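Reproduced below: my_file-v1.cif, with mmCIF, C-alpha atoms and all ligand atoms.
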data_start
#
loop_
_atom_site.label_atom_id
_atom_site.label_comp_id
_atom_site.auth_asym_id
_atom_site.auth_seq_id
_atom_site.Cartn_x
_atom_site.Cartn_y
_atom_site.Cartn_z
CA MET A 1 110.74 85.46 89.55
CA PRO A 2 108.04 82.93 88.64
CA ASP A 3 108.05 81.28 85.22
CA ILE A 4 104.96 82.82 83.65
CA ARG A 5 103.81 81.96 80.13
CA ARG A 6 100.05 82.07 80.18
CA ILE A 7 97.72 84.09 82.36
CA GLY A 8 93.95 84.13 82.63
CA ILE A 9 91.70 87.11 83.15
CA LEU A 10 88.04 87.33 84.10
CA THR A 11 85.47 89.97 84.98
CA SER A 12 83.18 89.16 87.87
CA GLY A 13 80.21 90.71 89.67
CA GLY A 14 78.11 93.51 88.12
CA ASP A 15 79.54 95.08 84.98
CA CYS A 16 80.55 98.73 84.74
CA ALA A 17 82.13 101.13 82.29
CA GLY A 18 85.90 100.67 81.98
CA LEU A 19 86.17 96.87 82.13
CA ASN A 20 87.20 96.54 78.48
CA ALA A 21 89.81 99.24 79.08
CA VAL A 22 91.26 97.08 81.88
CA LEU A 23 91.31 94.02 79.61
CA ARG A 24 93.11 96.07 76.97
CA ALA A 25 95.75 97.28 79.41
CA VAL A 26 96.38 93.75 80.69
CA VAL A 27 96.67 92.31 77.18
CA TYR A 28 98.95 95.11 75.97
CA ARG A 29 101.29 94.81 78.94
CA ALA A 30 101.33 91.01 79.13
CA VAL A 31 101.78 90.39 75.41
CA GLN A 32 104.04 93.31 74.46
CA GLY A 33 105.89 93.65 77.73
CA TYR A 34 106.42 90.01 78.68
CA GLY A 35 105.49 87.88 75.66
CA TRP A 36 102.82 85.97 77.58
CA GLU A 37 99.59 84.54 76.28
CA VAL A 38 96.40 85.98 77.80
CA ILE A 39 93.29 83.81 78.10
CA GLY A 40 89.98 85.62 78.62
CA ILE A 41 87.58 83.54 80.70
CA ARG A 42 83.90 84.10 79.89
CA GLN A 43 81.16 84.88 82.42
CA GLY A 44 83.43 85.10 85.46
CA THR A 45 83.92 81.84 87.36
CA ALA A 46 81.09 80.29 85.29
CA GLY A 47 83.59 80.04 82.43
CA LEU A 48 85.90 77.94 84.60
CA LEU A 49 82.98 75.68 85.58
CA ALA A 50 82.00 74.99 81.96
CA ARG A 51 83.35 71.95 80.13
CA PRO A 52 85.05 72.57 77.85
CA VAL A 53 86.19 75.62 79.79
CA ASP A 54 84.61 78.73 78.26
CA ALA A 55 87.58 80.90 77.33
CA GLU A 56 89.36 82.53 74.40
CA VAL A 57 92.82 83.82 73.62
CA LEU A 58 92.88 87.63 73.79
CA ASP A 59 94.99 89.27 71.07
CA ILE A 60 96.27 92.80 70.91
CA ASP A 61 94.49 93.25 67.56
CA GLN A 62 91.11 92.97 69.29
CA PHE A 63 91.87 95.99 71.43
CA THR A 64 93.31 98.53 69.01
CA GLY A 65 89.95 100.13 68.14
CA MET A 66 86.73 100.74 69.99
CA LEU A 67 87.10 98.60 73.11
CA LEU A 68 88.94 101.23 75.15
CA ARG A 69 85.88 103.40 74.69
CA THR A 70 83.03 100.96 75.28
CA GLY A 71 80.93 99.96 78.28
CA GLY A 72 80.22 96.40 79.38
CA THR A 73 82.74 93.59 79.25
CA ILE A 74 83.51 91.55 76.14
CA LEU A 75 84.08 88.55 78.43
CA GLY A 76 80.65 88.73 80.05
CA THR A 77 80.20 88.55 83.80
CA THR A 78 77.85 87.33 86.47
CA ASN A 79 76.88 88.40 89.97
CA ARG A 80 75.40 85.03 90.93
CA GLY A 81 76.54 81.41 91.02
CA ASP A 82 78.95 81.55 93.97
CA PRO A 83 80.90 78.26 93.52
CA PHE A 84 81.11 77.84 97.31
CA ASP A 85 77.31 77.88 97.50
CA TYR A 86 76.17 77.08 93.99
CA PRO A 87 72.39 77.09 93.45
CA LEU A 88 70.84 74.13 91.63
CA PRO A 89 67.49 74.31 89.79
CA ASP A 90 65.76 72.32 92.59
CA GLY A 91 66.73 75.03 95.10
CA SER A 92 69.49 73.02 96.80
CA ARG A 93 73.07 74.30 96.99
CA ILE A 94 76.39 72.57 96.41
CA ASP A 95 80.11 73.31 96.58
CA ARG A 96 81.62 73.47 93.06
CA THR A 97 84.93 75.02 93.99
CA GLU A 98 87.08 72.05 92.92
CA GLU A 99 85.57 72.27 89.43
CA VAL A 100 86.56 75.94 89.18
CA ILE A 101 90.08 75.13 90.33
CA ASP A 102 90.25 72.30 87.78
CA GLY A 103 89.16 74.79 85.13
CA TYR A 104 92.19 76.95 85.94
CA ARG A 105 94.44 73.89 85.62
CA LEU A 106 92.79 72.71 82.38
CA LEU A 107 93.65 76.07 80.82
CA GLY A 108 97.28 75.65 81.90
CA LEU A 109 97.30 79.03 83.62
CA ASP A 110 100.30 80.28 85.56
CA ALA A 111 98.30 83.12 87.13
CA LEU A 112 94.87 84.70 87.13
CA ILE A 113 93.87 88.36 87.16
CA GLY A 114 90.37 88.85 88.59
CA ILE A 115 88.51 92.12 88.10
CA GLY A 116 85.77 92.42 90.71
CA GLY A 117 84.17 94.14 93.67
CA ASP A 118 84.44 93.03 97.27
CA GLY A 119 82.11 90.03 96.90
CA SER A 120 83.69 88.54 93.80
CA LEU A 121 87.27 89.28 94.87
CA ASP A 122 86.54 87.54 98.16
CA ILE A 123 85.27 84.44 96.33
CA LEU A 124 88.28 84.45 94.00
CA ARG A 125 90.66 84.81 96.91
CA ARG A 126 89.15 81.86 98.77
CA LEU A 127 89.37 79.78 95.57
CA ALA A 128 93.01 80.81 95.13
CA ILE A 129 93.87 79.76 98.68
CA GLN A 130 92.05 76.45 98.34
CA GLY A 131 93.61 75.59 94.97
CA GLY A 132 97.00 77.26 95.32
CA LEU A 133 96.20 79.60 92.40
CA ASN A 134 98.29 82.67 91.68
CA LEU A 135 95.79 85.54 91.90
CA VAL A 136 96.00 89.30 91.49
CA GLY A 137 92.88 91.45 91.91
CA ILE A 138 91.77 94.67 90.20
CA PRO A 139 89.02 96.70 91.95
CA LYS A 140 85.88 97.63 90.05
CA THR A 141 82.52 98.73 91.37
CA ILE A 142 80.26 101.62 90.54
CA ASP A 143 79.38 101.64 94.26
CA ASN A 144 82.97 102.62 95.27
CA ASP A 145 82.62 100.73 98.54
CA LEU A 146 85.87 98.73 98.40
CA GLY A 147 88.34 99.48 101.14
CA HIS A 148 92.03 100.30 100.74
CA THR A 149 91.71 102.00 97.37
CA GLU A 150 90.56 105.52 96.63
CA VAL A 151 89.51 104.48 93.13
CA SER A 152 87.52 101.55 91.78
CA ILE A 153 86.85 101.21 88.06
CA GLY A 154 83.33 102.25 87.02
CA HIS A 155 82.50 104.66 89.83
CA ALA A 156 83.57 107.82 88.00
CA SER A 157 81.52 106.85 84.95
CA ALA A 158 78.44 106.14 87.09
CA VAL A 159 78.82 109.50 88.82
CA SER A 160 79.12 111.16 85.42
CA VAL A 161 75.86 109.55 84.24
CA ALA A 162 74.05 110.53 87.46
CA THR A 163 75.36 114.09 87.22
CA ASP A 164 74.23 114.23 83.62
CA ALA A 165 70.77 113.11 84.74
CA LEU A 166 70.57 116.01 87.22
CA ASP A 167 71.73 118.35 84.45
CA HIS A 168 68.84 117.09 82.33
CA LEU A 169 66.32 117.23 85.15
CA GLN A 170 67.05 120.78 86.30
CA PRO A 171 65.67 122.68 83.27
CA THR A 172 62.48 120.64 83.10
CA ALA A 173 62.03 120.94 86.88
CA ALA A 174 62.34 124.73 86.59
CA SER A 175 60.03 124.89 83.57
CA HIS A 176 57.23 123.05 85.38
CA SER A 177 57.88 124.19 88.97
CA ARG A 178 58.45 120.62 90.14
CA VAL A 179 60.46 118.69 92.65
CA MET A 180 62.52 116.09 90.78
CA VAL A 181 63.63 112.99 92.68
CA LEU A 182 66.50 111.03 91.14
CA GLU A 183 67.16 107.53 92.50
CA VAL A 184 70.68 106.21 91.89
CA MET A 185 72.45 102.91 92.57
CA GLY A 186 74.99 102.10 95.24
CA ARG A 187 74.34 98.94 97.14
CA ASP A 188 74.72 99.66 100.08
CA ALA A 189 76.71 102.88 99.98
CA GLY A 190 75.82 106.45 99.10
CA HIS A 191 78.96 107.45 97.19
CA ILE A 192 77.25 107.90 93.81
CA ALA A 193 74.43 109.99 95.31
CA LEU A 194 76.86 112.13 97.29
CA SER A 195 79.28 112.89 94.45
CA ALA A 196 76.64 113.36 91.76
CA GLY A 197 74.50 115.37 94.16
CA ILE A 198 77.31 117.87 94.71
CA ALA A 199 78.42 117.93 91.06
CA GLY A 200 74.86 118.18 89.75
CA GLY A 201 73.60 120.86 92.12
CA ALA A 202 71.11 118.81 94.16
CA ASP A 203 69.23 120.51 96.99
CA VAL A 204 68.80 117.31 99.01
CA ILE A 205 71.06 114.24 99.10
CA LEU A 206 69.83 111.12 100.86
CA VAL A 207 72.38 108.38 101.59
CA PRO A 208 72.05 105.26 103.75
CA GLU A 209 74.92 106.37 105.99
CA ILE A 210 73.03 109.47 107.22
CA PRO A 211 69.58 108.73 108.71
CA TYR A 212 66.97 111.24 107.57
CA LYS A 213 63.50 112.35 108.58
CA ILE A 214 61.06 113.07 105.79
CA ALA A 215 59.85 116.11 107.73
CA HIS A 216 63.35 117.62 107.43
CA VAL A 217 63.40 116.93 103.69
CA ALA A 218 60.00 118.58 103.32
CA ALA A 219 61.18 121.55 105.40
CA LYS A 220 64.10 122.07 102.99
CA ILE A 221 61.72 122.01 99.99
CA ASP A 222 59.42 124.53 101.74
CA ALA A 223 62.38 126.76 102.61
CA LEU A 224 63.50 126.81 98.97
CA LYS A 225 59.99 127.78 97.91
CA GLN A 226 59.81 130.56 100.48
CA ALA A 227 63.13 131.87 99.20
CA GLY A 228 61.56 132.17 95.75
CA ARG A 229 62.78 128.98 94.12
CA ASN A 230 60.21 127.19 91.95
CA PHE A 231 61.96 123.81 91.70
CA ALA A 232 64.12 121.43 93.68
CA LEU A 233 66.40 118.50 92.94
CA VAL A 234 66.55 115.54 95.31
CA ILE A 235 68.99 112.65 94.79
CA VAL A 236 68.47 109.46 96.76
CA ALA A 237 70.62 106.33 96.95
CA GLU A 238 68.74 103.08 96.36
CA ALA A 239 69.76 101.68 99.77
CA VAL A 240 68.11 104.51 101.71
CA LYS A 241 65.35 103.17 103.94
CA ARG A 242 61.77 104.36 104.20
CA ASP A 243 60.78 106.45 107.20
CA ASP A 244 59.68 103.27 108.98
CA GLY A 245 63.14 101.76 108.60
CA GLU A 246 62.25 99.33 105.78
CA LEU A 247 64.39 98.89 102.66
CA VAL A 248 62.54 99.02 99.34
CA THR A 249 63.50 95.79 97.58
CA ARG A 250 62.34 93.29 95.03
CA THR A 251 63.01 89.55 95.03
CA GLN A 252 64.09 88.43 91.59
CA PRO A 253 63.40 84.97 90.13
CA GLY A 254 66.03 82.75 91.75
CA GLY A 255 65.77 84.57 95.06
CA MET A 256 68.24 87.43 94.57
CA VAL A 257 67.08 90.59 96.32
CA THR A 258 67.64 93.86 94.46
CA TYR A 259 66.97 97.45 95.54
CA GLY A 260 64.79 99.96 93.77
CA GLY A 261 61.77 102.11 94.49
CA ILE A 262 62.81 104.36 97.37
CA GLY A 263 62.65 107.34 94.99
CA HIS A 264 58.90 106.85 94.50
CA TYR A 265 58.38 106.66 98.25
CA ILE A 266 60.36 109.87 98.86
CA GLY A 267 58.55 111.67 96.05
CA GLU A 268 55.12 110.68 97.37
CA ARG A 269 55.95 111.74 100.90
CA ILE A 270 57.29 115.11 99.71
CA SER A 271 54.06 115.68 97.77
CA GLU A 272 51.91 114.69 100.74
CA ILE A 273 53.67 117.03 103.16
CA THR A 274 54.49 120.04 100.96
CA GLY A 275 51.85 119.83 98.25
CA ALA A 276 54.64 120.10 95.67
CA GLU A 277 54.33 118.36 92.34
CA THR A 278 56.98 115.65 92.19
CA ARG A 279 58.35 113.45 89.42
CA ILE A 280 60.61 110.45 89.90
CA THR A 281 63.48 109.14 87.80
CA VAL A 282 65.06 105.78 88.61
CA LEU A 283 68.38 105.78 86.79
CA GLY A 284 69.11 102.06 87.21
CA HIS A 285 71.49 100.28 84.89
CA VAL A 286 72.02 103.35 82.72
CA GLN A 287 74.73 104.06 85.32
CA ARG A 288 76.57 100.87 84.47
CA GLY A 289 76.81 101.07 80.68
CA GLY A 290 77.93 103.79 78.33
CA MET A 291 81.39 105.05 77.54
CA PRO A 292 83.86 105.08 80.42
CA THR A 293 84.97 108.56 81.44
CA PRO A 294 88.60 109.56 80.79
CA ARG A 295 89.24 109.04 84.52
CA ASP A 296 87.99 105.45 84.41
CA ARG A 297 90.00 104.73 81.25
CA LEU A 298 93.08 106.20 82.87
CA MET A 299 92.69 104.17 86.05
CA ALA A 300 91.86 101.03 84.03
CA SER A 301 95.13 101.47 82.19
CA VAL A 302 97.11 102.13 85.38
CA PHE A 303 95.57 99.14 87.17
CA GLY A 304 95.93 96.76 84.21
CA VAL A 305 99.62 97.49 83.72
CA HIS A 306 100.37 97.29 87.44
CA ALA A 307 98.48 94.01 87.85
CA VAL A 308 100.55 92.39 85.10
CA ASP A 309 103.76 93.71 86.66
CA LEU A 310 102.69 92.16 89.99
CA VAL A 311 102.22 88.79 88.28
CA ALA A 312 105.67 89.12 86.71
CA ARG A 313 107.17 89.72 90.17
CA GLY A 314 105.25 86.86 91.72
CA ALA A 315 103.44 89.27 94.07
CA PHE A 316 100.22 87.26 94.37
CA ASP A 317 97.22 87.49 96.69
CA ARG A 318 97.31 91.26 96.25
CA MET A 319 94.95 93.88 94.82
CA VAL A 320 96.09 96.90 92.85
CA ALA A 321 94.93 100.18 94.36
CA TRP A 322 95.19 103.94 93.94
CA ASN A 323 96.13 105.91 97.02
CA ASN A 324 97.74 109.31 97.54
CA ARG A 325 98.20 109.91 93.80
CA ARG A 326 100.03 106.61 93.30
CA VAL A 327 99.30 103.12 92.10
CA VAL A 328 100.07 100.69 94.90
CA ASP A 329 99.04 97.17 95.85
CA VAL A 330 97.51 95.87 99.05
CA PRO A 331 96.85 92.40 100.48
CA LEU A 332 93.62 91.09 98.96
CA ALA A 333 92.40 89.94 102.36
CA GLU A 334 92.61 93.49 103.71
CA ALA A 335 90.95 94.98 100.63
CA VAL A 336 87.87 92.74 100.73
CA ALA A 337 87.53 93.12 104.50
CA GLY A 338 87.79 96.91 104.44
CA TYR A 339 84.32 98.12 103.48
CA HIS A 340 84.28 101.81 102.58
CA ALA A 341 81.02 103.60 103.41
CA VAL A 342 80.34 107.33 103.07
CA ASP A 343 81.90 109.07 106.04
CA PRO A 344 79.17 111.30 107.56
CA ASP A 345 81.93 113.58 108.87
CA GLY A 346 84.09 113.35 105.74
CA PRO A 347 85.11 116.14 103.35
CA LEU A 348 82.42 115.55 100.75
CA VAL A 349 79.59 115.61 103.28
CA ARG A 350 81.11 118.76 104.79
CA THR A 351 81.36 120.30 101.32
CA ALA A 352 77.73 119.50 100.60
CA ARG A 353 76.60 120.99 103.90
CA GLY A 354 78.76 124.02 103.17
CA LEU A 355 76.82 124.50 99.94
CA GLY A 356 73.54 124.37 101.81
CA ILE A 357 72.61 120.90 100.56
CA ALA A 358 70.34 119.10 103.03
CA PHE A 359 70.74 115.48 104.14
CA GLY A 360 67.35 115.39 105.85
CA ASP A 361 68.96 114.99 109.26
CA GLY A 362 68.09 118.31 110.78
O1 LIG B 401 77.02 96.53 92.82
C1 LIG B 401 76.71 97.15 91.63
C2 LIG B 401 75.23 97.33 91.47
O2 LIG B 401 75.01 98.06 90.28
C3 LIG B 401 74.52 97.98 92.64
O3 LIG B 401 74.70 99.38 92.67
C4 LIG B 401 73.10 97.54 92.38
O4 LIG B 401 72.33 97.51 93.58
C5 LIG B 401 73.28 96.14 91.87
O5 LIG B 401 74.58 96.07 91.32
C6 LIG B 401 72.29 95.76 90.82
O6 LIG B 401 72.49 94.42 90.47
P1 LIG B 401 71.80 93.74 89.22
O7 LIG B 401 72.65 94.06 88.02
O8 LIG B 401 71.80 92.29 89.56
O9 LIG B 401 70.42 94.31 89.08
#
How would this structure read if it were set down as structure tokens?
Amino acid sequence: MPDIRRIGILTSGGDCAGLNAVLRAVVYRAVQGYGWEVIGIRQGTAGLLARPVDAEVLDIDQFTGMLLRTGGTILGTTNRGDPFDYPLPDGSRIDRTEEVIDGYRLLGLDALIGIGGDGSLDILRRLAIQGGLNLVGIPKTIDNDLGHTEVSIGHASAVSVATDALDHLQPTAASHSRVMVLEVMGRDAGHIALSAGIAGGADVILVPEIPYKIAHVAAKIDALKQAGRNFALVIVAEAVKRDDGELVTRTQPGGMVTYGGIGHYIGERISEITGAETRITVLGHVQRGGMPTPRDRLMASVFGVHAVDLVARGAFDRMVAWNNRRVVDVPLAEAVAGYHAVDPDGPLVRTARGLGIAFGDG
């Protein structure tokens, strides 16, 4: 058993609902169960780069009230500033990994728990190997595209928000005889669109894993009309390409490319071909905030406790995971390498097809 007295924790990559619930579980288990001190590092690895290191002691008292229930992360996070390829204001890039590793040492940490998606867990793992840091990972991503775990924190809450949006769109679609197009996140996977589309009663689900033809989408809308339906609901994942194979993206200041806008394209094409009146909703970051669902809070609690227990056992370089109704842990290397896309032949796609939902592929 390693001699652990002080552990660090950070949130990294895009935020999502349920991160504060993970922090709470880690603090409760580490402080009450093992008597350790927990240091919360601010803004992901940026906190370890700052001098003085940007971090605070996390106490149980902070977590007894609202934090279990809130979105965002009290530690802050970032999805840029990779220390292996750190961008400078003049556009050049440098390696700042030794500074991050020094930050860990300056805090006197015996281990680090990193909460992230595949990109940030991969960066943390490479830092841990380089610096000999004791790392345990906890999976979070609304996109649900991490391999080797059936659950990642934040996905269930995002699906709940997207389903809610369809629930809100259906009555107004029916009142005005419109086709409503809802664009949801999921870079580059269609899990949110698929799950919310089924749960929210969509007529068409478009995901990047299943190539579509706009003519097939239009045919589904026409068929619904001929059957007497005066509205339709279409849900489209942001990473779906236009008919010509192009992604709809925007380059942000600093060069980061983000998705957004495919919903408008799909809506316009449906109008052109069918003559239907369409309206577009781009859900965006609404999917990332808000209260975590009970499922996300439950999994946050399970993952937080198990991650601390792994540290106590000295089981490092592993990621906690949920598989076959059990919390388990898997090698971090396998988790970040195992991308999990929507399976076009999987049970959820089959379920959707069984309900008559179209994917625009025939
Ligand atoms: O990976 C999570 C995610 O929300 C994606 O679904 C989305 O494409 C991206 O992050 C948005 O990033 P940003 O917060 O930088 O706009």
When distances are computed from all atoms listed in the file, which of A:His285, A:His306, A:Lys213, A:His264 shows the smallest separation from Arg326 of chain A?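 Among the listed residues, A:His306 lies closest to Arg326 of chain A.
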Measuring between all atoms listed in the file, which one of A:Ala219, A:Met185, A:Leu166, A:Leu19 shows the shortest distance to ligand LIG 401 (chain B)?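 Comparing A:Ala219, A:Met185, A:Leu166, A:Leu19 against ligand LIG 401 (chain B), the winner is A:Met185.
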Residues of chain A that approach ligand LIG 401 (chain B) to 8 Å or less, counting all atoms listed in the file: could you list each one with the shortest pair of atoms and its distance in Å to one decimal, rows by chain and increasing residue number, as CSV?
residue,atom,partner,partner_atom,distance
A:Gly13,CA,B:LIG401,O1,7.3
A:Gly14,CA,B:LIG401,C1,5.2
A:Asp15,CA,B:LIG401,C1,7.5
A:Cys16,CA,B:LIG401,O2,7.9
A:Asn79,CA,B:LIG401,O8,6.4
A:Gly117,CA,B:LIG401,O1,7.6
A:Thr141,CA,B:LIG401,C1,6.0
A:Ile142,CA,B:LIG401,C1,5.8
A:Asp143,CA,B:LIG401,O3,5.4
A:Val184,CA,B:LIG401,O3,8.0
A:Met185,CA,B:LIG401,O3,4.2
A:Gly186,CA,B:LIG401,O3,3.8
A:Arg187,CA,B:LIG401,O4,4.3
A:Asp188,CA,B:LIG401,O4,7.3
A:Glu238,CA,B:LIG401,O4,7.2
A:Ala239,CA,B:LIG401,O4,7.9
A:Met256,CA,B:LIG401,O8,7.8
A:Thr258,CA,B:LIG401,O4,6.0
A:Tyr259,CA,B:LIG401,O4,5.7
A:Gly260,CA,B:LIG401,O4,7.9
A:Gly284,CA,B:LIG401,O2,7.8
A:His285,CA,B:LIG401,O2,6.8
A:Gln287,CA,B:LIG401,O2,7.8
A:Arg288,CA,B:LIG401,O2,6.6
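The residue that comes closest to Thr172 of chain A, out of A:Thr278, A:Val136, A:Val257, A:Ala158 and on the basis of all atoms listed in the file, is A:Thr278.
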Counting all atoms listed in the file, the option among A:Thr351, A:Ser195, A:Gln252, A:Ser271 closest to Val181 of chain A: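 Closest to Val181 of chain A of all the choices is A:Ser271.
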Go ahead and fit an axis-aligned box to every listed atom of segment 120-136 of chain A plus 4 Å each side, and pass me the centre and edge lengths in Å, one decimal, as AutoDock Vina command-line options.
--center_x 91.0 --center_y 82.4 --center_z 95.1 --size_x 22.6 --size_y 21.7 --size_z 15.3
Scan for residues within 12 Å of the point (83.0, 99.4, 86.3) in the coordinates of the file, using only C-alpha atoms, and reply as a VMD selection string. chain A and resid 11 to 23 70 to 73 77 115 to 117 138 to 144 151 to 159 285 287 to 293 295 to 297 299 to 300
In Å, with one decimal, what is the gap from atom CA of Val282 of chain A to atom CA of Leu75 of chain A?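 If I compute the distance from atom CA of Val282 of chain A to atom CA of Leu75 of chain A, I get 27.6 Å.
One finds atom CA of Pro344 of chain A at 13.5 Å from atom CA of Gly362 of chain A.
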Nearby residues (all atoms listed in the file) at most 6 Å from Ile41 of chain A, same-chain spacing under 6 positions excluded, as a short mmCIF file (atom, residue, chain, number, x, y, z; two decimals) with C-alpha atoms, in the coordinates of the input:
data_model
loop_
_atom_site.label_atom_id
_atom_site.label_comp_id
_atom_site.auth_asym_id
_atom_site.auth_seq_id
_atom_site.Cartn_x
_atom_site.Cartn_y
_atom_site.Cartn_z
CA ILE A 9 91.70 87.11 83.15
CA LEU A 10 88.04 87.33 84.10
CA GLY A 47 83.59 80.04 82.43
CA ALA A 55 87.58 80.90 77.33
#
Residues near Leu133 of chain A, anyone? I mean within 9 Å using only C-alpha atoms, not counting same-chain ones fewer than 4 positions away, as JSON, numbers by chain. {"A": [101, 104, 109, 110, 111, 112, 125, 127, 128, 129, 316]}
Check the smallest atom-to-atom distance from each of A:Glu56, A:Ala162, A:Ser92, A:Asn134 to Gly314 of chain A using all atoms listed in the file, then report the winner.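 Under the stated criterion, the closest residue is A:Asn134.
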